[in-house]
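J.: What follows is the file upload08.csv, containing CSV, C-alpha atoms and all ligand atoms:
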chain,number,residue,atom,x,y,z
A,1,MET,CA,97.6,110.7,93.0
A,2,PRO,CA,97.6,114.2,94.5
A,3,ILE,CA,97.7,114.4,98.4
A,4,VAL,CA,94.1,114.0,99.4
A,5,ASN,CA,92.0,117.0,100.2
A,6,TYR,CA,89.7,117.3,103.2
A,7,ASP,CA,86.7,115.8,101.6
A,8,ARG,CA,88.6,112.7,100.4
A,9,TYR,CA,90.4,112.3,103.7
A,10,CYS,CA,87.1,112.4,105.6
A,11,LYS,CA,85.7,109.8,103.1
A,12,MET,CA,88.7,107.6,103.6
A,13,LEU,CA,88.4,107.7,107.4
A,14,ASN,CA,84.7,107.1,107.4
A,15,ARG,CA,85.0,104.1,105.0
A,16,ALA,CA,87.7,102.6,107.2
A,17,TYR,CA,85.5,103.1,110.3
A,18,GLU,CA,82.5,101.5,108.6
A,19,ASN,CA,84.4,98.6,107.1
A,20,GLY,CA,86.7,97.5,110.0
A,21,TYR,CA,90.0,98.5,108.6
A,22,ALA,CA,92.6,101.1,109.5
A,23,TYR,CA,95.2,103.2,107.6
A,24,PRO,CA,98.8,102.6,108.5
A,25,ALA,CA,100.6,105.9,109.3
A,26,PHE,CA,104.3,105.8,108.8
A,27,ASN,CA,106.9,108.2,110.2
A,28,VAL,CA,109.4,109.4,107.7
A,29,SER,CA,112.4,111.7,108.1
A,30,ASN,CA,113.9,111.9,104.7
A,31,MET,CA,113.3,111.3,101.0
A,32,GLU,CA,114.3,107.6,101.2
A,33,THR,CA,111.8,106.6,103.8
A,34,ALA,CA,109.1,108.7,102.2
A,35,SER,CA,109.6,106.9,98.9
A,36,ALA,CA,109.7,103.5,100.7
A,37,VAL,CA,106.2,104.2,102.2
A,38,LEU,CA,104.8,105.2,98.8
A,39,MET,CA,106.3,102.0,97.2
A,40,GLY,CA,104.9,99.8,99.9
A,41,LEU,CA,101.4,101.4,99.8
A,42,GLU,CA,101.2,101.1,96.0
A,43,LYS,CA,102.3,97.4,96.2
A,44,ALA,CA,99.5,96.8,98.7
A,45,ASN,CA,97.0,98.9,96.6
A,46,SER,CA,96.3,100.6,100.0
A,47,ASP,CA,95.7,104.3,100.7
A,48,GLY,CA,97.6,105.5,103.8
A,49,ILE,CA,99.1,108.3,105.8
A,50,ILE,CA,102.7,109.6,106.0
A,51,GLN,CA,103.6,111.5,109.1
A,52,ILE,CA,106.4,113.6,110.4
A,53,SER,CA,107.5,113.9,114.0
A,54,ILE,CA,109.2,117.1,115.3
A,55,GLY,CA,112.5,115.3,115.5
A,56,GLY,CA,112.1,113.8,112.1
A,57,ALA,CA,111.3,117.2,110.7
A,58,ALA,CA,114.4,118.7,112.3
A,59,HIS,CA,116.5,116.0,110.8
A,60,ALA,CA,115.1,116.6,107.4
A,61,SER,CA,116.1,120.3,107.5
A,62,GLY,CA,119.8,119.2,107.8
A,63,ALA,CA,121.9,118.3,110.8
A,64,ASN,CA,123.3,121.8,111.2
A,65,ILE,CA,120.0,123.6,110.8
A,66,GLY,CA,117.7,121.4,113.0
A,67,ASP,CA,114.6,123.6,112.2
A,68,SER,CA,111.6,121.4,112.5
A,69,VAL,CA,109.2,123.8,110.8
A,70,LEU,CA,111.5,124.1,107.8
A,71,GLY,CA,112.0,120.3,107.7
A,72,ALA,CA,108.3,119.6,107.9
A,73,ILE,CA,107.7,122.1,105.0
A,74,LEU,CA,110.5,120.5,102.9
A,75,LEU,CA,109.2,116.9,103.5
A,76,SER,CA,105.6,117.9,102.8
A,77,ASP,CA,106.5,119.6,99.6
A,78,TYR,CA,108.7,116.7,98.5
A,79,ILE,CA,106.0,114.1,99.2
A,80,ARG,CA,103.4,116.3,97.6
A,81,VAL,CA,105.3,116.2,94.3
A,82,VAL,CA,106.4,112.6,94.3
A,83,ALA,CA,103.1,111.1,95.5
A,84,ASP,CA,101.6,112.2,92.2
A,85,ARG,CA,103.6,109.4,90.6
A,86,TYR,CA,102.0,106.7,92.7
A,87,ASN,CA,98.5,105.3,92.3
A,88,VAL,CA,97.4,105.6,96.0
A,89,ASN,CA,95.8,108.2,98.1
A,90,VAL,CA,98.0,109.6,100.8
A,91,ALA,CA,97.3,112.1,103.6
A,92,LEU,CA,100.1,114.1,105.2
A,93,HIS,CA,100.2,114.3,108.9
A,94,THR,CA,102.3,115.7,111.7
A,95,ASP,CA,102.9,113.5,114.7
A,96,HIS,CA,103.0,114.3,118.5
A,97,CYS,CA,103.1,118.0,119.3
A,98,ARG,CA,103.2,118.6,123.1
A,99,SER,CA,101.6,121.8,124.5
A,100,SER,CA,105.1,123.2,125.0
A,101,ASP,CA,105.8,122.9,121.3
A,102,LEU,CA,102.5,124.3,120.0
A,103,ASN,CA,103.8,127.8,119.3
A,104,SER,CA,107.1,126.6,117.8
A,105,TYR,CA,105.8,123.8,115.6
A,106,LEU,CA,102.1,123.2,115.1
A,107,ILE,CA,100.9,126.8,115.0
A,108,PRO,CA,103.5,127.9,112.5
A,109,LEU,CA,102.6,125.0,110.2
A,110,ILE,CA,98.9,125.9,110.4
A,111,GLU,CA,99.8,129.5,109.6
A,112,GLU,CA,101.7,128.3,106.6
A,113,THR,CA,98.6,126.4,105.4
A,114,GLU,CA,96.5,129.6,106.0
A,115,ARG,CA,99.0,131.6,103.9
A,116,ARG,CA,98.8,129.0,101.1
A,117,ARG,CA,95.0,128.8,101.1
A,118,LYS,CA,94.8,132.6,100.8
A,119,LYS,CA,96.9,132.2,97.6
A,120,GLY,CA,94.6,129.4,96.3
A,121,LEU,CA,97.2,126.7,97.0
A,122,ASN,CA,96.8,123.4,98.7
A,123,ASN,CA,97.1,122.8,102.4
A,124,LEU,CA,100.6,122.1,103.7
A,125,PHE,CA,99.3,119.1,105.8
A,126,SER,CA,96.1,117.1,105.8
A,127,SER,CA,96.1,116.6,109.5
A,128,HIS,CA,97.9,117.5,112.7
A,129,MET,CA,98.2,115.9,116.1
A,130,PHE,CA,98.0,117.9,119.3
A,131,ASP,CA,99.3,115.8,122.2
A,132,GLY,CA,98.0,117.3,125.4
A,133,SER,CA,98.9,114.4,127.5
A,134,ASP,CA,101.4,116.5,129.5
A,135,ILE,CA,98.7,118.9,130.8
A,136,SER,CA,95.4,118.3,132.7
A,137,LEU,CA,92.5,116.9,130.7
A,138,ASP,CA,90.6,120.2,131.1
A,139,GLU,CA,93.5,122.3,129.7
A,140,ASN,CA,94.0,119.7,127.0
A,141,LEU,CA,90.4,119.9,125.9
A,142,ASN,CA,90.3,123.7,126.0
A,143,ILE,CA,93.3,123.8,123.6
A,144,SER,CA,91.8,121.0,121.5
A,145,LYS,CA,88.5,122.8,121.1
A,146,GLU,CA,90.3,126.0,119.9
A,147,LEU,CA,92.6,124.0,117.6
A,148,LEU,CA,89.7,121.9,116.1
A,149,ALA,CA,87.7,125.1,115.2
A,150,ARG,CA,90.8,126.5,113.5
A,151,CYS,CA,91.5,123.2,111.7
A,152,VAL,CA,87.9,122.9,110.5
A,153,GLU,CA,88.1,126.4,109.1
A,154,ASN,CA,91.2,125.3,107.1
A,155,GLU,CA,90.0,121.9,106.2
A,156,ILE,CA,92.5,120.0,108.4
A,157,ILE,CA,91.7,116.9,110.4
A,158,LEU,CA,92.9,117.2,114.0
A,159,GLU,CA,94.2,114.3,116.1
A,160,ILE,CA,94.1,114.7,119.9
A,161,GLU,CA,95.4,112.5,122.7
A,162,ILE,CA,93.7,111.3,125.9
A,163,GLY,CA,95.9,109.5,128.4
A,164,VAL,CA,99.6,108.9,127.8
A,165,VAL,CA,101.3,106.6,125.4
A,166,GLY,CA,104.1,104.9,127.3
A,167,GLY,CA,107.7,104.2,126.2
A,168,GLU,CA,110.2,106.5,124.5
A,169,GLU,CA,109.9,108.2,121.1
A,170,ASP,CA,111.7,111.1,119.6
A,171,GLY,CA,113.4,112.0,122.9
A,172,VAL,CA,110.1,112.1,124.9
A,173,ASN,CA,110.3,109.5,127.6
A,174,ASN,CA,107.2,108.2,129.2
A,175,GLU,CA,108.7,105.0,130.6
A,176,ASN,CA,108.0,106.0,134.2
A,177,VAL,CA,104.4,107.4,133.7
A,178,LYS,CA,101.9,106.2,136.3
A,179,ASN,CA,100.3,103.0,135.2
A,180,SER,CA,96.7,104.3,135.4
A,181,LYS,CA,97.6,107.1,132.9
A,182,LEU,CA,98.4,104.5,130.3
A,183,TYR,CA,94.7,103.5,130.1
A,184,SER,CA,92.1,106.0,129.1
A,185,THR,CA,88.8,105.9,131.1
A,186,PRO,CA,85.3,105.9,129.6
A,187,GLU,CA,84.6,109.0,131.7
A,188,ASP,CA,87.5,110.9,130.2
A,189,MET,CA,86.6,109.8,126.6
A,190,LEU,CA,83.0,110.9,127.2
A,191,LYS,CA,84.1,114.2,128.5
A,192,ALA,CA,86.3,114.7,125.4
A,193,TYR,CA,83.5,113.7,123.1
A,194,GLU,CA,81.2,116.2,124.7
A,195,ALA,CA,83.8,119.0,124.5
A,196,LEU,CA,84.2,118.5,120.8
A,197,LYS,CA,80.9,117.3,119.4
A,198,ASP,CA,79.4,120.7,118.6
A,199,ILE,CA,82.5,121.8,116.7
A,200,SER,CA,83.0,119.0,114.2
A,201,SER,CA,83.0,115.2,114.0
A,202,ASN,CA,86.0,115.3,111.7
A,203,TYR,CA,88.8,114.6,114.2
A,204,ILE,CA,90.5,111.4,115.4
A,205,VAL,CA,91.6,110.4,118.9
A,206,ALA,CA,94.6,108.7,120.4
A,207,ALA,CA,93.1,107.1,123.5
A,208,THR,CA,95.5,104.9,125.3
A,209,PHE,CA,95.1,101.3,126.2
A,210,GLY,CA,98.5,100.3,127.5
A,211,ASN,CA,100.3,101.0,124.2
A,212,VAL,CA,103.9,102.1,124.1
A,213,HIS,CA,106.3,103.6,121.7
A,214,GLY,CA,109.2,101.5,120.7
A,215,VAL,CA,109.3,97.7,120.8
A,216,TYR,CA,109.5,95.6,124.0
A,217,LYS,CA,110.2,92.0,124.6
A,218,PRO,CA,107.0,89.9,124.9
A,219,GLY,CA,105.3,90.2,128.2
A,220,ASN,CA,106.4,93.7,129.0
A,221,VAL,CA,103.5,95.5,127.5
A,222,LYS,CA,99.9,94.8,128.7
A,223,LEU,CA,97.6,96.0,125.9
A,224,LYS,CA,94.0,96.2,126.8
A,225,PRO,CA,92.1,96.9,123.6
A,226,LYS,CA,88.8,96.5,125.5
A,227,VAL,CA,89.5,100.0,127.0
A,228,LEU,CA,88.6,101.3,123.5
A,229,LEU,CA,85.4,99.3,123.5
A,230,GLU,CA,84.4,100.6,126.9
A,231,GLY,CA,84.9,104.1,125.7
A,232,LYS,CA,83.0,103.5,122.5
A,233,ASN,CA,80.1,101.9,124.5
A,234,ALA,CA,80.0,104.9,126.9
A,235,MET,CA,79.7,107.3,123.9
A,236,GLU,CA,77.2,105.2,121.9
A,237,ASN,CA,75.0,104.5,125.0
A,238,LYS,CA,74.5,108.2,125.5
A,239,TYR,CA,74.5,109.5,121.9
A,240,GLY,CA,73.4,106.6,119.8
A,241,LYS,CA,75.2,104.1,117.5
A,242,GLY,CA,78.0,105.5,115.3
A,243,ASN,CA,78.5,108.5,117.7
A,244,ALA,CA,81.9,107.5,119.0
A,245,PHE,CA,85.5,108.3,118.4
A,246,LYS,CA,87.5,107.2,115.4
A,247,PHE,CA,90.6,106.0,117.3
A,248,VAL,CA,94.3,106.1,116.5
A,249,PHE,CA,96.5,103.3,117.7
A,250,HIS,CA,100.0,104.7,118.7
A,251,GLY,CA,103.0,102.4,119.3
A,252,GLY,CA,101.8,99.9,116.8
A,253,SER,CA,105.2,98.4,116.3
A,254,GLY,CA,105.7,95.1,118.0
A,255,SER,CA,102.0,94.5,118.7
A,256,SER,CA,100.6,91.1,118.0
A,257,LYS,CA,98.4,90.6,114.9
A,258,GLU,CA,95.5,89.5,117.1
A,259,GLU,CA,95.7,92.6,119.2
A,260,ILE,CA,95.8,94.8,116.1
A,261,LYS,CA,92.8,93.0,114.6
A,262,GLU,CA,90.8,93.3,117.8
A,263,THR,CA,91.2,97.1,117.8
A,264,LEU,CA,89.8,97.4,114.3
A,265,ASN,CA,86.4,96.3,115.7
A,266,TYR,CA,86.4,99.1,118.2
A,267,GLY,CA,86.8,102.0,115.8
A,268,VAL,CA,90.6,102.2,115.2
A,269,VAL,CA,91.1,103.9,111.8
A,270,LYS,CA,94.8,104.8,112.0
A,271,MET,CA,97.8,103.0,113.4
A,272,ASN,CA,101.2,104.6,113.7
A,273,ILE,CA,104.2,102.6,112.8
A,274,ASP,CA,107.7,103.8,113.2
A,275,THR,CA,110.0,101.5,115.1
A,276,ASP,CA,109.3,98.4,112.9
A,277,THR,CA,109.9,100.3,109.7
A,278,GLN,CA,113.1,101.9,111.1
A,279,TYR,CA,114.4,98.4,111.7
A,280,ALA,CA,113.3,97.2,108.3
A,281,PHE,CA,115.2,100.1,106.7
A,282,THR,CA,118.4,99.5,108.7
A,283,ARG,CA,118.5,95.7,108.5
A,284,PRO,CA,119.7,95.3,104.9
A,285,ILE,CA,122.3,98.1,105.4
A,286,VAL,CA,123.8,96.0,108.2
A,287,ASP,CA,123.9,93.0,105.9
A,288,HIS,CA,125.5,95.1,103.1
A,289,MET,CA,128.2,96.5,105.4
A,290,PHE,CA,129.1,93.1,106.9
A,291,LYS,CA,129.1,91.3,103.5
A,292,ASN,CA,131.1,94.1,101.8
A,293,TYR,CA,133.4,94.9,104.7
A,294,ASP,CA,136.6,95.2,102.6
A,295,GLY,CA,134.7,97.1,99.9
A,296,VAL,CA,133.1,99.8,102.1
A,297,LEU,CA,136.3,100.4,104.0
A,298,LYS,CA,139.7,101.4,102.7
A,299,VAL,CA,141.7,98.7,104.5
A,300,GLU,CA,145.5,98.6,104.7
A,301,GLY,CA,146.3,101.1,101.9
A,302,GLU,CA,143.6,99.6,99.5
A,303,VAL,CA,140.9,101.9,97.9
A,304,GLY,CA,137.7,100.0,98.7
A,305,ILE,CA,135.0,99.4,96.1
A,306,LYS,CA,133.2,102.6,95.0
A,307,SER,CA,130.0,100.7,93.9
A,308,VAL,CA,129.4,99.3,97.4
A,309,TYR,CA,130.2,102.5,99.4
A,310,ASP,CA,128.1,104.6,97.1
A,311,PRO,CA,125.1,105.3,99.5
A,312,ARG,CA,122.7,104.5,96.6
A,313,SER,CA,123.8,100.9,96.7
A,314,TYR,CA,122.6,100.2,100.2
A,315,LEU,CA,119.8,102.9,100.4
A,316,LYS,CA,118.0,101.1,97.6
A,317,LYS,CA,118.1,97.9,99.5
A,318,ALA,CA,116.9,99.7,102.6
A,319,GLN,CA,114.0,101.3,100.7
A,320,GLU,CA,112.9,97.9,99.3
A,321,SER,CA,113.0,96.3,102.7
A,322,MET,CA,111.0,99.1,104.3
A,323,ALA,CA,108.5,99.0,101.5
A,324,GLN,CA,108.0,95.3,102.3
A,325,ARG,CA,107.3,96.1,106.0
A,326,VAL,CA,104.9,98.8,104.8
A,327,PHE,CA,103.1,96.1,102.8
A,328,GLU,CA,102.9,93.9,105.8
A,329,ALA,CA,101.4,96.7,107.9
A,330,CYS,CA,98.7,97.0,105.3
A,331,GLU,CA,97.9,93.3,105.7
A,332,ASP,CA,97.8,93.6,109.5
A,333,LEU,CA,95.3,96.5,109.2
A,334,ASN,CA,93.1,95.0,106.5
A,335,SER,CA,93.9,97.9,104.2
A,336,VAL,CA,95.2,95.9,101.3
A,337,ASN,CA,93.1,96.8,98.2
A,338,SER,CA,91.4,99.6,100.1
A,339,HIS,CA,92.5,102.1,97.5
A,340,ILE,CA,89.6,104.4,96.6
A,341,ASP,CA,89.4,105.5,93.0
A,342,PHE,CA,87.9,109.0,93.6
B,1,ZN,ZN,102.6,108.2,119.2
Can you turn what I pasted into structure tokens?
T.:
Amino acid sequence: MPIVNYDRYCKMLNRAYENGYAYPAFNVSNMETASAVLMGLEKANSDGIIQISIGGAAHASGANIGDSVLGAILLSDYIRVVADRYNVNVALHTDHCRSSDLNSYLIPLIEETERRRKKGLNNLFSSHMFDGSDISLDENLNISKELLARCVENEIILEIEIGVVGGEEDGVNNENVKNSKLYSTPEDMLKAYEALKDISSNYIVAATFGNVHGVYKPGNVKLKPKVLLEGKNAMENKYGKGNAFKFVFHGGSGSSKEEIKETLNYGVVKMNIDTDTQYAFTRPIVDHMFKNYDGVLKVEGEVGIKSVYDPRSYLKKAQESMAQRVFEACEDLNSVNSHIDF
């Protein structure tokens, strides 16, 4: 299927919100991982979201180039072409963009969409995240308002962040952030709702409830999904039922199935998964290397075995393993068989 347009993307998110499921959003950084996501989604008959971080995009442009805008364009164009071969609806998203990266990453990507639209072409991305967690809430909301207006004009969904997602991802380390910042307050959520409500309702919000990037041993992360319910109640009590955020769950890797299911009742429509699919991709490669030790290496004057050091031999296994983890994420989020036949 073609990458979803704005109308279809809005319908997907609304349907998830109304029916208590969420779309998994997988980070990819190359062709292999992008294809693995498409394979897994199709297997689950689930629609979903593919996203690209700044670091992932830089990687995709080539190690010596390291240009995140170029890499994001390359991956987007690749996925746009190949997604047509799969029978699922996919939205293309860019992950965390801090305020300091706005002018070097997010704005150039929106400008590229504006250029394409002028030529009658499709958007480069379906949605973008602005992560204003490194500035004050007032500054964050001022920028978010401006961005949302510009996104609406270009039929792009905007994701914003209130609070701070803990842990470490993509070189951004929030492991020492003050504990209170890791839990969004109902007051802050209400303030954000009021700042954006007259612009559009087509945006999504990463509110934080103790979630962290990466995977930690049990007991080290105190998730409080009720934080989302408290925010939802604050908005609905003032503005009526259904007038609340569609939430994004960051740091989904390593969360318990119960915690994930609970958030679906509070309006979570998107959950980001990166660490768990990274591991699923790498695990069979490790197996391959250990089992074929004397084939992947040229030991003691031998020549090794071409068929096992050909990268295709282990990347295929990696793709299949990651696709299986994608399928499991769809099960966790109740999105299996959610595919909409538009
Ligand atoms: Zn995140």
J.: Go through region 97-168 of chain A and flag each residue having an atom no more than 9 Å from region 244-250 of chain A; for those, report the closest pair of atoms plus their distance in Å to one decimal, using all atoms listed in the file, ordered by chain and rising number, as a tab-separated table.
T.:
residue	atom	partner	partner_atom	distance
A:Glu159	CA	A:Val248	CA	8.2
A:Glu161	CA	A:Val248	CA	9.0
A:Val165	CA	A:His250	CA	7.1
J.: Identify, counting all atoms listed in the file, the protein, DNA and RNA residues located within 7 Å of ligand ZN 1 (chain B), and give them as an MDAnalysis selection string.
T.: chainID A and resid 95:96 165 213 250:251 272
J.: Check the smallest atom-to-atom distance from each of A:Pro284, A:Ser136, A:Phe342, A:Tyr21 to Lys316 (chain A) using all atoms listed in the file, then report the winner.
T.: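 That would be A:Pro284, the residue with the smallest distance to Lys316 (chain A).
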J.: Between A:Phe130, A:Tyr86, A:Asn237, A:Asp276, which has the minimum distance to Lys43 (chain A) (counting only C-alpha atoms)?
T.: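 Looking at the shortest contact to Lys43 (chain A), the residue is A:Tyr86.
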J.: So that I can see what lies close to Ile260 (chain A), please list as an NGL selection string the residues with an atom at most 12 Å from it, counting all atoms listed in the file and leaving out residues fewer than 3 positions away in the same chain.
T.: :A and (20-24 or 211 or 223-226 or 248-257 or 263-273 or 329-334)
J.: Can you list, as a ChimeraX atom specification, every protein, DNA or RNA residue that comes within 7 Å of region 70-85 of chain A when you count all atoms listed in the file, leaving out same-chain residues fewer than 2 positions away?
T.: /A:1-3,30,34,38,52,57-61,67-68,87,124
J.: Quick one: everything within 7 Å of Tyr6 (chain A), counting all atoms listed in the file, minus sequence neighbours fewer than 2 positions away in the same chain. Send it as a list in words.
T.: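 Neighbouring residues, sequence-local ones excluded: Val4, Arg8, Tyr9, Cys10, Ser126, Glu155 and Ile156 of chain A.
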J.: Give me, as a Markdown table, each residue of region 166-261 of chain A that comes within 9 Å of region 139-145 of chain A, together with its shortest interatomic pair and the distance in Å at one decimal, counting all atoms listed in the file, with rows ordered by chain and rising residue number.
T.:
| residue | atom | partner | partner_atom | distance |
| --- | --- | --- | --- | --- |
| A:Lys191 | CA | A:Leu141 | CA | 8.9 |
| A:Ala192 | CA | A:Leu141 | CA | 6.6 |
| A:Ala195 | CA | A:Leu141 | CA | 6.8 |
| A:Leu196 | CA | A:Lys145 | CA | 6.1 |
| A:Ile199 | CA | A:Lys145 | CA | 7.5 |
J.: Just give me the gap between CA of Met39 (chain A) and CA of Asn19 (chain A) in Å, one decimal is fine.
T.: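 Interatomic distance, CA of Met39 (chain A) to CA of Asn19 (chain A): 24.3 Å.
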J.: Under the rule that only C-alpha atoms are counted, which of A:Asp294, A:Glu300, A:Asp198, A:Glu328 is the nearest residue to Leu148 (chain A)?
T.: A:Asp198
J.: Any idea what the distance is between CA of Ile285 (chain A) and CA of Tyr314 (chain A)?
T.: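 For CA of Ile285 (chain A) relative to CA of Tyr314 (chain A), the distance reads 5.6 Å.
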J.: Report, in Å to a single decimal, how far apart CA of His93 (chain A) and CA of Pro186 (chain A) are.
T.: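 Computing the Euclidean distance for CA of Pro186 (chain A) and CA of His93 (chain A) yields 26.9 Å.
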J.: Let me make sure I understand: among A:Asn123, A:Leu190, A:Ser29, A:Thr277, which one has the smallest atom-to-atom distance to Ala63 (chain A) if we use all atoms listed in the file?
T.: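 Residue with the minimum atom-to-atom distance to Ala63 (chain A): A:Ser29.
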J.: Between A:Gly55, A:Leu13, A:His288, A:Met322, which is the closest to Ser307 (chain A) once you count all atoms listed in the file?
T.: A:His288
J.: Check the smallest atom-to-atom distance from each of A:Val88, A:Val37, A:Ile50, A:Val215 to Asp341 (chain A) using all atoms listed in the file, then report the winner.
T.: A:Val88
J.: With only C-alpha atoms as the counted atoms, please give the residues lying no more than 9 Å from Gly295 (chain A), apart from itself and same-chain residues fewer than 4 positions off, as a list in words.
T.: Met289, Lys291, Val299, Val303, Gly304, Ile305, Lys306, Ser307, Val308 and Tyr309 of chain A
J.: Suppose we keep C-alpha atoms; can you now write the selection as a CSV table (one decimal), in the frame of the given file?
T.:
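Final file, again39.csv:
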chain,number,residue,atom,x,y,z
A,289,MET,CA,128.2,96.5,105.4
A,291,LYS,CA,129.1,91.3,103.5
A,299,VAL,CA,141.7,98.7,104.5
A,303,VAL,CA,140.9,101.9,97.9
A,304,GLY,CA,137.7,100.0,98.7
A,305,ILE,CA,135.0,99.4,96.1
A,306,LYS,CA,133.2,102.6,95.0
A,307,SER,CA,130.0,100.7,93.9
A,308,VAL,CA,129.4,99.3,97.4
A,309,TYR,CA,130.2,102.5,99.4
